[in-house]
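Reading through the structure tokens given below for one structure.
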Amino acid sequence: MFVKNFLAGLALCAAIAAPVAAQKKPAAKAPAKKAASTIPAPLLAQGSSVYKQYCLTCHLADGLGVDGMNPPLAKTDYVLGDKTRLTKVLLNGLQGVDINGEQYRGVMPAQATLTDAQIAAVLTYVRNSFGNKASAVSAAEVKAVRAGK
Amino acid sequence: MNNNLTRPLLLATALAGSFSLYSLTQKATLAPDPNNAGLKLPAGFGALVVAETGGHARHLAVTPQGTIYVKLNSPKNGKGILALHPGANGKAAAVTTGFGSYGGTGIYAKDNYLYASSDEEVFRYKLDAKGEVTNPAQPEKIVTGLINRRQHESKSIVLDNAGNLYVNIGAYSNSCQVKDRERGSLGRQNCPVLDSAGGIWQFRADKANQNYGTGTRYATGLRNVVGLDWNQQNNQLFVMQHGRDQLHDNFPALYDDKQSAELPAECMYALNKGANAGWPYLYYDGQKKQKMLPPEYGGDGKKLADPKYLDPVAAYPAHTAPDGLLFYTGTMFPERYRNGAFIAFHGSWNRAPEPQKGYYVVFQPFKNGKPSGEWEVFADNFAGTAAKAAAGRADHKPCGLAQGPDGSLYVSDDKAGTIYRIMYTKK
């Protein structure tokens, strides 16, 4: 398990490097570079490893989910929107809610057994993968939501 | 695809080369598409696209006169049932005629009635001598008030020859855990889901407003059935069960990813009244060919389940989602297909990170009303490419099956909404 996760992390580092590099292409170099550099690669690698272990089974490797069953994590209101609401999806689970106007039959099980750091990492990873670009979620933010949930 | 002018032209040119003048005139009427609608089929078979409905086409029914009724999962332009009228070339020009403002899965035609289900109710419509529905806006409501908690909500239907209607009511749960699909959560004793779901209910086909109180619990312990059909040889109900998900997610210490992807088979059951297939107290391990105790109920991948539960009559690869079942009774296909079963596998999602599987129509040979011999993939490549299948990003997902009056096999696709017709063309 340990070796597997480590390898997964390495693979993921490589996978993440690609989109970041692609985004450097446009002339507006300064902001793009800044956004990319605010999220440290090891954090994304940790997030991707959590994703593989706990999320991929339903939302799939490309983050596009399963038609009518499990929603995509690409450019959804939940993923890109309010961080407290997003964190609560993981802490409490979700069922019977339409995502971006589509109905999903699956169940999102609560992931409350993950640590604050794991939740922060996976949410940061999701918010910066599958074509998403948004600010990081910190362990302190997750801790605050957990305390107040 | 939607260019009506070029297609017949292409067809004619393609055919002129390889067929006699006689078959060329035939081609002007009914012929497979030059690419067999993108499908891979056994030698001697061909396929054409009847229509691109653009809806989530679930089950379908064909009347003796050749009208095709397609049930959509959600209404398109306010129509939950499409009525297709193919021309002499097998192609339906219009895909907009229809009725029924509700989405759903089940549709079945028998004895001058068309039956269709929403996720809570079953309706029936009268068919006239031309196979057309006479009361599209005022169907009789045959069954009402069935439970729908989104998960495993589709109510597929079939009739027997004695005026009974069978309705699947799927379990709104994966393995009856205290917390559905949550890691480590244990299974509930005397699983309460089974009170109103997780089985097949029997109703009268001609009586209005039946519900749980007036129906009969025909079979229990079935997690979720989408494909079902009445076997005319045995006079018996056969169903395809979707096996359980997430062995690894729920109990990672007991099952690895690969075991989770491969072990819990999709099963075919031959049911009699009172049958109990054992969900949630077992899953069927397709490799060991044994009924296993699930981890939610103390299993460890080795402990067997209570042997009292019904054995499947056949098992298929895990998670591949058998959504359509049809016993072939036509004479168009060669003799070996007669009374055998076609099964539409919608395709998997819960095999990740292993490659996904399915997206094909299988043929299961039968002898004397029992599966006999290995199943085989009959129609393949609904996904488009092997890579799309492996990623779970199939172009088409086969769902419903129906037999046409001439013995053609119709397949519906609930991804892109394509309606296929498969024919035996070798003379």
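Going through the structure tokens in order, the chains are called A, B, and so on, while each chain numbers its residues from 1 and the ligands are numbered from 1 in the order shown.
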- Message: Show me, as an MDAnalysis selection string, every residue of chain B with an atom at most 12 Å from chain A, counting only C-alpha atoms.
- Response: chainID B and resid 56 73:74 148:154 172:174 177:185 245:253 256:258 260:261 346:356 390:397 414:416
Would you list the contacts of B:Tyr337 as a compact mmCIF listing (two decimals) with N, CA, C and O atoms, in the first residue's frame, taking every protein, DNA or RNA residue within 9 Å and counting only C-alpha atoms, but skipping same-chain residues closer than 3 positions in sequence?
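Result file is around.txt:
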# COMPACT_ATOMS: atom_id res chain seq x y z
N TYR B 328 -34.95 -14.92 -27.59
CA TYR B 328 -35.17 -14.79 -29.02
C TYR B 328 -36.09 -15.92 -29.50
O TYR B 328 -35.74 -17.10 -29.38
N THR B 329 -37.23 -15.55 -30.04
CA THR B 329 -38.18 -16.57 -30.50
C THR B 329 -38.40 -16.47 -32.01
O THR B 329 -39.26 -17.16 -32.55
N GLY B 330 -37.65 -15.59 -32.68
CA GLY B 330 -37.86 -15.38 -34.11
C GLY B 330 -37.24 -16.48 -34.95
O GLY B 330 -36.58 -17.39 -34.44
N THR B 331 -37.48 -16.39 -36.26
CA THR B 331 -36.92 -17.39 -37.18
C THR B 331 -35.92 -16.77 -38.15
O THR B 331 -35.34 -17.46 -38.96
N PHE B 333 -32.94 -15.32 -37.42
CA PHE B 333 -31.58 -15.72 -37.06
C PHE B 333 -31.44 -17.25 -37.18
O PHE B 333 -32.42 -17.97 -37.07
N PRO B 334 -30.21 -17.72 -37.35
CA PRO B 334 -30.01 -19.17 -37.45
C PRO B 334 -30.55 -19.92 -36.23
O PRO B 334 -30.65 -19.37 -35.13
N GLY B 340 -32.65 -18.83 -27.18
CA GLY B 340 -31.52 -18.39 -26.38
C GLY B 340 -31.75 -16.96 -25.92
O GLY B 340 -32.74 -16.32 -26.30
N ALA B 341 -30.84 -16.46 -25.07
CA ALA B 341 -31.03 -15.13 -24.48
C ALA B 341 -30.03 -14.12 -25.04
O ALA B 341 -28.83 -14.42 -25.12
N PHE B 342 -30.53 -12.97 -25.41
CA PHE B 342 -29.66 -11.82 -25.68
C PHE B 342 -29.67 -10.94 -24.43
O PHE B 342 -30.72 -10.76 -23.79
N PHE B 363 -24.80 -12.99 -26.36
CA PHE B 363 -25.73 -14.09 -26.60
C PHE B 363 -25.41 -15.22 -25.64
O PHE B 363 -24.25 -15.66 -25.53
N GLN B 364 -26.42 -15.70 -24.93
CA GLN B 364 -26.28 -16.83 -24.02
C GLN B 364 -27.08 -17.99 -24.60
O GLN B 364 -28.32 -17.95 -24.62
N PRO B 365 -26.39 -19.03 -25.10
CA PRO B 365 -27.14 -20.18 -25.63
C PRO B 365 -27.97 -20.85 -24.54
O PRO B 365 -27.56 -20.90 -23.37
N PHE B 366 -29.13 -21.36 -24.91
CA PHE B 366 -30.04 -22.06 -24.00
C PHE B 366 -30.38 -23.42 -24.60
O PHE B 366 -30.42 -23.59 -25.81
- Query: Could you pull the residues within 9 Å of A:Asn132, counting only C-alpha atoms, minus those fewer than 2 positions along the same chain, as a ChimeraX atom specification?
  - Reply: /A:73-76,79-80,126-130,134
- Task: Identify, on the basis of only C-alpha atoms, every residue whose closest approach to B:Ser408 does not exceed 9 Å; exclude the query and any residue fewer than 4 positions from it along the same chain; express the result as a VMD selection string.
- Result: chain B and resid 330 332 to 333 402 to 404 421 to 424
Could you dump the residues just selected with C-alpha atoms as an mmCIF file, in the first residue's frame?
data_model
loop_
_atom_site.group_PDB
_atom_site.id
_atom_site.type_symbol
_atom_site.label_atom_id
_atom_site.label_comp_id
_atom_site.auth_asym_id
_atom_site.auth_seq_id
_atom_site.Cartn_x
_atom_site.Cartn_y
_atom_site.Cartn_z
ATOM 1 C CA GLY B 330 -37.858 -15.381 -34.108
ATOM 2 C CA MET B 332 -34.754 -14.811 -38.972
ATOM 3 C CA PHE B 333 -31.579 -15.718 -37.055
ATOM 4 C CA ALA B 402 -36.784 -5.999 -28.532
ATOM 5 C CA GLN B 403 -37.648 -8.420 -31.293
ATOM 6 C CA GLY B 404 -39.291 -7.148 -34.468
ATOM 7 C CA ARG B 421 -31.711 -2.894 -35.851
ATOM 8 C CA ILE B 422 -29.654 -6.076 -36.253
ATOM 9 C CA MET B 423 -30.597 -8.484 -39.045
ATOM 10 C CA TYR B 424 -29.387 -11.787 -40.394
#
- Item | Residue contacts of B:Lys302 (10 Å, only C-alpha atoms) excluding same-chain residues fewer than 2 positions away, as a ChimeraX atom specification | /B:254,288,290,292-295,299-300,304-305
- Message: Can you tell me which residues surround A:Gly47 at a distance of at most 6 Å, considering only C-alpha atoms, apart from same-chain residues fewer than 6 positions away, and format the answer as an MDAnalysis selection string?
- Response: chainID A and resid 121:122 125
